[in-house]
Amino acid sequence: MLKAGFIGMGRMGITHFSILNAHPSVKTVAICDQSKTILNFFKKYVGVNTFSDYDKMIQESGLDFVVISTPTDSHAEIIKAAIANNLHIFVEKPLATSSVQGNEILRLLNGRSLVNQVGYVNRFNEVFMQVKQLLDEGLIGEIKNFTFEMFGCTVSKDSKSSWRSNRNLGGGCMYEFASHCIDLVVYLIGQPNKVIGNVLQSIFSSDVEDLVSSTFIYDNRCVGNILVNWSELSYRKPTNRIEICGKKGKIVADKHAYKVFLKESDESHTFHTGWNTRYITDCAEGVHFYVRGNEFSRQLSYFVDFIEKKRANNTSNFAEALKTDIVMEEIFNNCMEIKK
C-alpha cells in the first residue's frame, strides 16, 4: 500500500482525497490544513493524523507521496520540501507562479526517480484523449488554425476576501481557469512560439483579470486564438469548446462529444466524407471510483500506477506543466509592456 498525505483540504483537496481514499493501492495516512474545523472533522470522522504544518507532516508520517491542493503561490516551496524528502508529488494546477520557480523545481528533480504530475484534468478526459490520438495520426492533416474557448461562472462578484482575487497569492482567471485552456492547447497542438494580441480584462474583480484573450503563433505558420471568461453568468459549469482546422478537415469538440469534418472518407476510423459525430459514451472507460467526472479519477489512477510501476510519467508531468506556465507568463509580460 502506498501511504498518502494531503496538503490543502479545500474543494479540490477533498475531491482528490475522496478518490484516492477509495483506491485499493492507497492508504491515507495524514492531512494538512490551516483550518481547525477541517482538521477536527477529519480527525474525528476519518481517523487520520492531522497537521497544520506541512513540513512536520512530511517528516513524521512516513509517506510515499503527497497531494498538494493549496493556493498557487505556495506550490513551489511545498514541492521543494517534498522533493527533499524523496516523495512522489501530485500538485494542483498551475505548477508555480513563474518560470523561474518551475525551472528550479525541474533542476531539483533531475536525477531523482520521482513521479511528478500536475492536475491538468482535461488531458484525461476521454473526448480530448481521442482528439489527441486523431491529431497524432494525422487525420485532418497539417494544422493551420484553431480556436479554444472556456467559459464558466466561477466569479460573479468582486470577492476581495478570497485568495482567488489576490494576484500575489496566484489568484485571477489566468492561473485558476485559463491555465486549463492553455494547457489543452499545449497538449493537443503544442507550445506556441509567440503570443500576440493579449488582453486581460476585469469584469467583476477589481484586482485581477476575469477574462483572458490571446493569439498563439507557431513557427510553421499555424495560428490559434484562445478566449477564456470565468465570469460568464450564462454558464452553470465550466465549459470547454475547441475547433481545430487542418488541410484535410476539422475537429470540433467539447468534454462530451466531438465532430469530425473530412474532405475525403477515412476507412481506418470509419469516418465518411463530411461530418461525423462521436459521443463520450462511444469511448468512455470505467474508473475505480467516480467523483465529478471520469477524468478526475483517471488522472489520479494514472499517477498511482506510475508510482507502482516505478516509471516516469509524461502525460502531465512538471516539464509539460512548465510549458503552460511559460505561456501564461508571456501573456502577463506582454500586457504589462503595453500598459507601460
# chains A, B, ... in the order shown; residues from 1 in each chain; ligands from 1
call {"tool": "select_by_dssp", "arguments": {"residues": "region 71-187 of chain A", "states": "helix (DSSP H, G or I)", "output": "PyMOL selection string"}}
result
chain A and resi 72-84+99-109+121-124+126-136+163-165+167-169+173-187
call {"tool": "residues_around", "arguments": {"residues": "Ala76 (chain A)", "least_positions_apart": "4", "cutoff": "10 Å", "atoms": "only C-alpha atoms", "output": "list in words"}}
result
Thr72, Lys80, Ala81, Ala82, Val91, Leu95, Ala96, Thr97, Ser98, Gln101, Gly102, Glu104 and Ile105 of chain A
call {"tool": "residues_around", "arguments": {"residues": "Val186 (chain A)", "least_positions_apart": "6", "cutoff": "12 Å", "atoms": "only C-alpha atoms", "output": "list of chain:residue names"}}
result
A:Tyr120, A:Asn122, A:Arg123, A:Lys132, A:Phe148, A:Ser179, A:His180, A:Pro192, A:Asn193, A:Phe216, A:Tyr218, A:Gly224, A:Ile226, A:Thr315, A:Ser316, A:Ala319, A:Glu320, A:Ala321, A:Leu322, A:Lys323, A:Thr324, A:Asp325, A:Ile326, A:Val327, A:Met328
call {"tool": "write_last_selection", "arguments": {"atoms": "C-alpha atoms", "output": "short mmCIF file (atom, residue, chain, number, x, y, z; two decimals), in the first residue's frame"}}
result
data_model
loop_
_atom_site.label_atom_id
_atom_site.label_comp_id
_atom_site.auth_asym_id
_atom_site.auth_seq_id
_atom_site.Cartn_x
_atom_site.Cartn_y
_atom_site.Cartn_z
CA TYR A 120 -4.48 19.36 -15.74
CA ASN A 122 -8.58 17.80 -19.39
CA ARG A 123 -5.69 15.62 -20.55
CA LYS A 132 -5.24 13.87 -29.35
CA PHE A 148 -10.07 27.21 -27.94
CA SER A 179 -4.43 27.59 -17.34
CA HIS A 180 -6.71 24.64 -18.21
CA PRO A 192 3.33 28.38 -29.19
CA ASN A 193 6.47 30.18 -30.30
CA PHE A 216 -0.84 32.00 -30.48
CA TYR A 218 3.78 28.94 -34.38
CA GLY A 224 -4.72 29.99 -32.94
CA ILE A 226 -7.98 31.44 -27.01
CA THR A 315 1.29 12.96 -19.90
CA SER A 316 1.02 15.77 -17.35
CA ALA A 319 8.09 19.58 -17.52
CA GLU A 320 4.84 19.67 -19.51
CA ALA A 321 3.19 21.97 -16.97
CA LEU A 322 6.13 24.37 -17.16
CA LYS A 323 5.30 24.95 -20.83
CA THR A 324 1.88 26.24 -19.78
CA ASP A 325 3.45 28.41 -17.07
CA ILE A 326 5.77 29.95 -19.68
CA VAL A 327 2.86 30.81 -22.00
CA MET A 328 0.91 32.43 -19.14
#
call {"tool": "residues_around", "arguments": {"residues": "region 252-261 of chain A", "least_positions_apart": "3", "cutoff": "6 Å", "atoms": "only C-alpha atoms", "output": "PyMOL selection string"}}
result
chain A and resi 127+240-243+249+274-280
call {"tool": "closest_residue", "arguments": {"among": "A:Tyr235, A:Val185, A:Phe318, A:Ser206", "to": "Val131 (chain A)", "atoms": "only C-alpha atoms"}}
result
A:Val185
call {"tool": "select_by_dssp", "arguments": {"residues": "region 18-94 of chain A", "states": "strand (DSSP E)", "output": "MDAnalysis selection string"}}
result
chainID A and resid 26:32 49:51 65:68 88:91
call {"tool": "residues_around", "arguments": {"residues": "Met9 (chain A)", "least_positions_apart": "2", "cutoff": "12 Å", "atoms": "only C-alpha atoms", "output": "PyMOL selection string"}}
result
chain A and resi 5-7+11-18+30-39+41-42+50-52+67-71+92
